[in-house]
Amino acid sequence: MDNHDRSAAWHATAWRVFGAASVAIGIVNAFIPLLPTTVFLLIGVWAWGKGAPEWRARLLAHPRWGEALRLWVNGRQVSRRGKRMATLGIATNWVLSAVFIGPTTAVLAASLGLAALVAWLWWRPEPGSAASSADFLARSVHHD
């Protein structure tokens, strides 16, 4: 095995480990209220696309999370339900921060950042006339 092959194998392994860690965090967060899940799964999809395309395809085909992940990968789309749930989680975290921490500069700064995040999220396109995610799934083995 020459240096190029070793380097390519090392990179693939690193992407696999990074993807696995991200997916593991996402899975744990799925059971802890108010912690983000989908963003970690998206990072896993991205990383596995670089080091483990077959793992990426399995995650995109997942019965619970696959649809949301495919929508994002296929045109950065977010479903209306996804937008509502994310907004609810963000708002709940903000209220808890405001109640338990109080009106500090950090909470006020976070409020601005969270408001910008929610606005950006609602600006994302929703599923519609774009290619269906089922069609995309067939092409999802190759990374972006």
# chains A, B, ... in the order shown; residues from 1 in each chain; ligands from 1

call {"tool": "residues_around", "arguments": {"residues": "range 32-42 of chain A", "least_positions_apart": "5", "cutoff": "9 Å", "atoms": "only C-alpha atoms", "output": "PyMOL selection string"}}
result
chain A and resi 19+21-27+47+59+65+68-69+72-73+86+88-90+92-93

call {"tool": "select_by_dssp", "arguments": {"residues": "chain A", "states": "alpha helix (DSSP H)", "output": "count of residues only"}}
result
106

call {"tool": "atom_distance", "arguments": {"atom1": "CA of Ala115 in chain A", "atom2": "CA of Trp94 in chain A"}}
result
9.9 Å

call {"tool": "closest_residue", "arguments": {"among": "A:Ala14, A:Leu112, A:Val45, A:Val99", "to": "Ala57 in chain A", "atoms": "only C-alpha atoms"}}
result
A:Val45

call {"tool": "closest_residue", "arguments": {"among": "A:Trp10, A:Phe100, A:Trp48, A:Trp123", "to": "Lys83 in chain A", "atoms": "only C-alpha atoms"}}
result
A:Trp123

call {"tool": "closest_residue", "arguments": {"among": "A:Ala30, A:Ser97, A:Leu114, A:Ala119", "to": "Arg64 in chain A", "atoms": "only C-alpha atoms"}}
result
A:Ala30
